[in-house]
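Undergrad: I am sharing data-v8.cif, which consists of mmCIF, C-alpha atoms:
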```cif
data_data
loop_
_atom_site.group_PDB
_atom_site.id
_atom_site.type_symbol
_atom_site.label_atom_id
_atom_site.label_comp_id
_atom_site.auth_asym_id
_atom_site.auth_seq_id
_atom_site.Cartn_x
_atom_site.Cartn_y
_atom_site.Cartn_z
ATOM 1 C CA MET R 1 0.000 0.000 0.000
ATOM 2 C CA ASN R 2 1.265 3.461 -0.876
ATOM 3 C CA SER R 3 1.288 6.264 1.669
ATOM 4 C CA TYR R 4 2.035 9.745 0.356
ATOM 5 C CA ILE R 5 3.423 13.034 1.589
ATOM 6 C CA ALA R 6 2.176 16.039 -0.355
ATOM 7 C CA GLY R 7 4.137 19.159 0.474
ATOM 8 C CA CYS R 8 4.330 22.783 -0.576
ATOM 9 C CA SER R 9 7.880 23.782 -1.478
ATOM 10 C CA GLU R 10 7.098 27.443 -0.792
ATOM 11 C CA THR R 11 5.731 27.153 2.745
ATOM 12 C CA GLY R 12 7.038 23.759 3.840
ATOM 13 C CA ASP R 13 3.535 22.645 4.865
ATOM 14 C CA GLY R 14 2.426 19.131 4.002
ATOM 15 C CA ILE R 15 -0.157 16.423 4.536
ATOM 16 C CA TYR R 16 0.243 12.724 5.289
ATOM 17 C CA ILE R 17 -2.052 10.662 3.079
ATOM 18 C CA ASP R 18 -3.199 7.144 4.019
ATOM 19 C CA PRO R 19 -1.139 6.051 7.027
ATOM 20 C CA GLY R 20 -0.883 2.287 6.694
ATOM 21 C CA ALA R 21 2.231 0.438 7.781
ATOM 22 C CA GLU R 22 5.648 2.016 8.452
ATOM 23 C CA VAL R 23 4.316 5.203 10.002
ATOM 24 C CA GLY R 24 7.675 5.963 11.603
ATOM 25 C CA ARG R 25 9.439 5.696 8.263
ATOM 26 C CA VAL R 26 7.023 8.158 6.655
ATOM 27 C CA ILE R 27 7.428 10.647 9.494
ATOM 28 C CA GLU R 28 11.209 10.377 9.239
ATOM 29 C CA THR R 29 10.974 10.992 5.493
ATOM 30 C CA ALA R 30 8.911 14.132 6.049
ATOM 31 C CA GLU R 31 11.470 15.399 8.555
ATOM 32 C CA ARG R 32 14.340 14.659 6.181
ATOM 33 C CA LEU R 33 12.588 16.562 3.394
ATOM 34 C CA GLY R 34 11.833 19.502 5.660
ATOM 35 C CA VAL R 35 8.066 19.040 5.338
ATOM 36 C CA ARG R 36 5.984 20.254 8.282
ATOM 37 C CA LEU R 37 3.006 17.919 8.401
ATOM 38 C CA THR R 38 -0.239 19.698 9.286
ATOM 39 C CA LYS R 39 -2.994 17.170 8.599
ATOM 40 C CA ILE R 40 -3.633 13.466 8.042
ATOM 41 C CA VAL R 41 -5.917 12.658 5.111
ATOM 42 C CA GLY R 42 -7.508 9.356 4.125
ATOM 43 C CA THR R 43 -8.480 8.560 0.557
ATOM 44 C CA HIS R 44 -10.669 5.864 2.142
ATOM 45 C CA ALA R 45 -10.633 3.745 5.293
ATOM 46 C CA HIS R 46 -9.981 0.148 4.350
ATOM 47 C CA LEU R 47 -7.643 -1.536 6.812
ATOM 48 C CA ASP R 48 -4.484 -1.217 4.728
ATOM 49 C CA HIS R 49 -5.042 2.515 4.216
ATOM 50 C CA ALA R 50 -5.962 3.443 7.784
ATOM 51 C CA GLU R 51 -4.383 0.936 10.184
ATOM 52 C CA GLY R 52 -1.618 3.421 11.060
ATOM 53 C CA VAL R 53 -3.805 6.496 11.539
ATOM 54 C CA ALA R 54 -4.046 6.203 15.335
ATOM 55 C CA GLU R 55 -0.267 5.842 15.598
ATOM 56 C CA ALA R 56 0.290 8.805 13.282
ATOM 57 C CA LYS R 57 -2.165 10.949 15.249
ATOM 58 C CA GLU R 58 -0.458 10.073 18.522
ATOM 59 C CA LYS R 59 3.044 10.778 17.233
ATOM 60 C CA LEU R 60 2.184 13.930 15.300
ATOM 61 C CA GLY R 61 -0.775 15.386 17.195
ATOM 62 C CA LEU R 62 -2.576 16.124 13.933
ATOM 63 C CA PRO R 63 -6.242 15.970 12.859
ATOM 64 C CA TYR R 64 -7.497 13.192 10.600
ATOM 65 C CA TRP R 65 -9.815 13.992 7.701
ATOM 66 C CA LEU R 66 -11.919 11.471 5.794
ATOM 67 C CA HIS R 67 -15.077 11.274 3.683
ATOM 68 C CA GLU R 68 -18.075 10.707 5.958
ATOM 69 C CA ALA R 69 -19.195 7.668 3.947
ATOM 70 C CA GLU R 70 -16.048 5.854 5.128
ATOM 71 C CA LEU R 71 -16.993 5.751 8.805
ATOM 72 C CA TYR R 72 -18.260 2.171 8.514
ATOM 73 C CA ASN R 73 -14.988 0.977 6.996
ATOM 74 C CA LEU R 74 -13.037 2.814 9.684
ATOM 75 C CA GLN R 75 -15.069 1.292 12.517
ATOM 76 C CA ASN R 76 -14.837 -2.137 10.863
ATOM 77 C CA MET R 77 -11.019 -2.215 10.866
ATOM 78 C CA PRO R 78 -10.712 -4.453 13.963
ATOM 79 C CA ALA R 79 -13.066 -7.059 12.475
ATOM 80 C CA ALA R 80 -11.266 -6.896 9.137
ATOM 81 C CA ALA R 81 -7.893 -7.329 10.836
ATOM 82 C CA GLN R 82 -9.128 -10.346 12.788
ATOM 83 C CA GLY R 83 -10.503 -11.859 9.598
ATOM 84 C CA TYR R 84 -7.104 -11.586 7.920
ATOM 85 C CA GLY R 85 -5.202 -12.733 11.019
ATOM 86 C CA PHE R 86 -3.517 -9.332 11.442
ATOM 87 C CA ALA R 87 -2.869 -7.310 14.572
ATOM 88 C CA VAL R 88 -5.994 -5.373 15.564
ATOM 89 C CA PRO R 89 -5.484 -1.615 15.096
ATOM 90 C CA GLU R 90 -6.934 1.157 17.214
ATOM 91 C CA VAL R 91 -9.846 2.966 15.576
ATOM 92 C CA PRO R 92 -8.942 6.670 15.385
ATOM 93 C CA GLU R 93 -11.250 9.607 15.840
ATOM 94 C CA VAL R 94 -12.154 11.563 12.705
ATOM 95 C CA ASP R 95 -11.624 15.293 13.140
ATOM 96 C CA GLY R 96 -13.087 16.602 9.895
ATOM 97 C CA TYR R 97 -14.810 15.473 6.729
ATOM 98 C CA LEU R 98 -13.666 15.732 3.130
ATOM 99 C CA VAL R 99 -16.485 17.048 0.956
ATOM 100 C CA PRO R 100 -16.432 16.450 -2.821
ATOM 101 C CA GLY R 101 -16.598 19.708 -4.719
ATOM 102 C CA GLU R 102 -14.673 21.552 -2.042
ATOM 103 C CA SER R 103 -10.912 22.071 -1.940
ATOM 104 C CA LEU R 104 -8.061 21.195 0.398
ATOM 105 C CA ALA R 105 -5.218 23.678 0.804
ATOM 106 C CA VAL R 106 -1.698 22.538 1.645
ATOM 107 C CA GLY R 107 0.381 25.660 1.982
ATOM 108 C CA ASN R 108 0.014 27.290 -1.433
ATOM 109 C CA LEU R 109 -1.076 24.029 -3.070
ATOM 110 C CA VAL R 110 -4.790 23.583 -3.607
ATOM 111 C CA PHE R 111 -6.302 20.160 -4.252
ATOM 112 C CA GLU R 112 -9.803 19.607 -5.571
ATOM 113 C CA ILE R 113 -11.709 16.915 -3.653
ATOM 114 C CA CYS R 114 -13.407 14.492 -6.050
ATOM 115 C CA LEU R 115 -15.577 11.491 -5.195
ATOM 116 C CA THR R 116 -14.302 8.397 -7.009
ATOM 117 C CA ASP R 117 -16.497 5.779 -5.376
ATOM 118 C CA GLY R 118 -17.127 2.196 -6.392
ATOM 119 C CA HIS R 119 -14.160 0.621 -4.649
ATOM 120 C CA ALA R 120 -15.305 2.174 -1.383
ATOM 121 C CA PRO R 121 -18.299 4.483 -0.822
ATOM 122 C CA GLY R 122 -16.155 7.446 0.161
ATOM 123 C CA ASN R 123 -12.993 6.890 -1.885
ATOM 124 C CA ILE R 124 -11.827 10.377 -2.783
ATOM 125 C CA THR R 125 -9.288 11.682 -5.256
ATOM 126 C CA LEU R 126 -7.180 14.732 -4.483
ATOM 127 C CA TYR R 127 -6.532 16.533 -7.773
ATOM 128 C CA ARG R 128 -4.176 19.449 -8.287
ATOM 129 C CA PRO R 129 -4.392 20.939 -11.799
ATOM 130 C CA GLY R 130 -1.177 21.592 -13.644
ATOM 131 C CA SER R 131 0.076 25.066 -14.476
ATOM 132 C CA ASP R 132 2.922 26.757 -16.349
ATOM 133 C CA GLY R 133 3.711 23.611 -18.298
ATOM 134 C CA GLU R 134 3.682 21.391 -15.211
ATOM 135 C CA ALA R 135 1.473 18.305 -15.241
ATOM 136 C CA GLY R 136 -1.359 17.984 -12.743
ATOM 137 C CA HIS R 137 -1.387 15.435 -9.935
ATOM 138 C CA ALA R 138 -4.166 13.050 -8.905
ATOM 139 C CA ILE R 139 -3.899 10.999 -5.708
ATOM 140 C CA VAL R 140 -6.637 8.460 -6.361
ATOM 141 C CA GLY R 141 -6.712 5.928 -3.528
ATOM 142 C CA ASP R 142 -7.848 2.571 -4.898
ATOM 143 C CA ALA R 143 -10.033 3.905 -7.703
ATOM 144 C CA LEU R 144 -7.470 3.390 -10.466
ATOM 145 C CA PHE R 145 -4.220 1.453 -10.719
ATOM 146 C CA ALA R 146 -1.627 1.161 -13.462
ATOM 147 C CA GLY R 147 -3.334 -1.319 -15.753
ATOM 148 C CA SER R 148 -6.221 -2.141 -13.437
ATOM 149 C CA ILE R 149 -8.811 -0.853 -10.960
ATOM 150 C CA GLY R 150 -9.623 -1.421 -7.292
ATOM 151 C CA ARG R 151 -11.570 -4.453 -6.146
ATOM 152 C CA THR R 152 -15.315 -4.034 -5.728
ATOM 153 C CA ASP R 153 -16.298 -7.013 -3.575
ATOM 154 C CA LEU R 154 -16.006 -5.233 -0.221
ATOM 155 C CA TYR R 155 -18.593 -3.175 1.689
ATOM 156 C CA MET R 156 -20.621 -1.000 -0.725
ATOM 157 C CA GLY R 157 -18.272 -1.801 -3.581
ATOM 158 C CA ASN R 158 -19.840 -1.628 -7.017
ATOM 159 C CA ALA R 159 -17.966 -2.257 -10.264
ATOM 160 C CA LYS R 160 -20.310 -0.231 -12.485
ATOM 161 C CA THR R 161 -20.132 2.692 -10.081
ATOM 162 C CA LEU R 162 -16.351 2.518 -10.100
ATOM 163 C CA LEU R 163 -16.172 2.508 -13.903
ATOM 164 C CA GLU R 164 -18.501 5.519 -13.999
ATOM 165 C CA SER R 165 -16.372 7.345 -11.427
ATOM 166 C CA ILE R 166 -13.249 6.673 -13.461
ATOM 167 C CA ARG R 167 -14.900 7.898 -16.676
ATOM 168 C CA THR R 168 -16.402 11.060 -15.228
ATOM 169 C CA GLN R 169 -13.841 12.085 -12.618
ATOM 170 C CA LEU R 170 -10.494 10.777 -13.869
ATOM 171 C CA LEU R 171 -10.495 10.215 -17.621
ATOM 172 C CA THR R 172 -11.754 13.772 -18.058
ATOM 173 C CA LEU R 173 -8.467 15.086 -16.626
ATOM 174 C CA PRO R 174 -5.629 16.153 -18.964
ATOM 175 C CA PRO R 175 -3.743 13.138 -20.385
ATOM 176 C CA ASP R 176 -0.439 14.210 -18.823
ATOM 177 C CA THR R 177 -1.931 14.197 -15.308
ATOM 178 C CA LEU R 178 0.259 12.116 -12.994
ATOM 179 C CA VAL R 179 -1.733 9.450 -11.162
ATOM 180 C CA PHE R 180 -0.624 8.264 -7.725
ATOM 181 C CA PRO R 181 -2.581 5.102 -6.807
ATOM 182 C CA GLY R 182 -3.025 3.357 -3.498
ATOM 183 C CA HIS R 183 -1.103 0.340 -4.763
ATOM 184 C CA GLY R 184 1.570 -0.119 -7.399
ATOM 185 C CA PRO R 185 3.508 2.396 -9.495
ATOM 186 C CA GLU R 186 2.465 5.844 -10.581
ATOM 187 C CA THR R 187 1.066 6.310 -14.058
ATOM 188 C CA THR R 188 -0.656 8.969 -16.178
ATOM 189 C CA ILE R 189 -4.225 9.451 -17.311
ATOM 190 C CA GLY R 190 -3.115 9.257 -20.940
ATOM 191 C CA HIS R 191 -1.346 5.935 -20.436
ATOM 192 C CA GLU R 192 -4.359 4.405 -18.716
ATOM 193 C CA MET R 193 -6.694 5.677 -21.435
ATOM 194 C CA ALA R 194 -4.516 3.892 -23.989
ATOM 195 C CA ALA R 195 -3.532 0.716 -22.155
ATOM 196 C CA ASN R 196 -5.855 -0.016 -19.229
ATOM 197 C CA PRO R 197 -8.652 -2.370 -20.345
ATOM 198 C CA TYR R 198 -10.996 -0.889 -17.737
ATOM 199 C CA CYS R 199 -10.618 2.540 -19.319
ATOM 200 C CA GLN R 200 -11.808 1.422 -22.763
ATOM 201 C CA PRO R 201 -15.290 1.560 -24.295
ATOM 202 C CA GLY R 202 -17.205 -1.553 -23.371
ATOM 203 C CA ALA R 203 -15.253 -2.084 -20.155
ATOM 204 C CA GLU R 204 -18.496 -3.279 -18.535
ATOM 205 C CA ASN R 205 -18.034 -6.508 -20.492
ATOM 206 C CA LEU R 206 -14.988 -7.279 -18.340
ATOM 207 C CA LEU R 207 -17.115 -7.347 -15.217
ATOM 208 C CA GLY R 208 -18.647 -10.744 -15.996
#
```
As structure tokens, how would this structure be written, given the file I've shared?

TA:
Amino acid sequence: MNSYIAGCSETGDGIYIDPGAEVGRVIETAERLGVRLTKIVGTHAHLDHAEGVAEAKEKLGLPYWLHEAELYNLQNMPAAAQGYGFAVPEVPEVDGYLVPGESLAVGNLVFEICLTDGHAPGNITLYRPGSDGEAGHAIVGDALFAGSIGRTDLYMGNAKTLLESIRTQLLTLPPDTLVFPGHGPETTIGHEMAANPYCQPGAENLLG
């Protein structure tokens, strides 16, 4: 699972996205880069994306923001961990809600909050448009992967909803937009439009 640090080079402010495992390593990386973390943000609250939130909150003393539709997944983490035979994580308190259509400021960076549901009911994408020849950035959670999409067999998952979210919220972005998924390597919107079978016309036929 990929955790991310998004930081503003002008102010030094940053956010910690999806604390899963190796929370200490991520915090050390932020310190090494000179990023002053100000908020913890969840793209969604499946176990692998939120099991480290309580630890991160304790070590950093920062608020945790999440889409309200993810509260079930957050509260269900202990049961999910037991089902997989993993250590049971502490369920953290949510301090604020991410609202699609609104924006999230990180120093002088401004991300648009987009709902890309289907994998999880409140999976959000943080999108920063490009400017001055620089490509935009989309941190997409588990909505879209390089060559694939997120699974849809978990709570409130829906494959058709996910394909619609990808079409309307992601494939409408500029082709050079850099995509940072919750698993696997980064990619671009243009590459996925050309090579990802789930981004092609008739992708519904792949759903079985």

Undergrad: Evaluate the PyMOL selection byres ((chain R and resi 99) around 10) on the structure here and hand back the selected residues as a PyMOL selection string.

TA: chain R and resi 65-68+96-98+100-104+112-115+122+124

Undergrad: If you count all atoms listed in the file, which residues fall within 10 Å of Leu71 of chain R, apart from same-chain ones fewer than 6 positions away, as a list in words?

TA: His44, Ala45, Glu93, Val94, Pro121 and Gly122 of chain R

Undergrad: Rounded to one decimal, what separation in Å do you get between atom CA of Ile40 of chain R and atom CA of Gly118 of chain R?

TA: 22.7 Å

Undergrad: Mind pulling up the distance from atom CA of Pro129 of chain R to atom CA of Ala30 of chain R?

TA: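 Atom CA of Ala30 of chain R sits 23.3 Å away from atom CA of Pro129 of chain R.
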
Undergrad: Name all residues at most 8 Å from segment 198-203 of chain R (count only C-alpha atoms; drop same-chain ones fewer than 4 positions away) and give them as a PyMOL selection string.

TA: chain R and resi 147-149+163+166-167+171+192-194+207
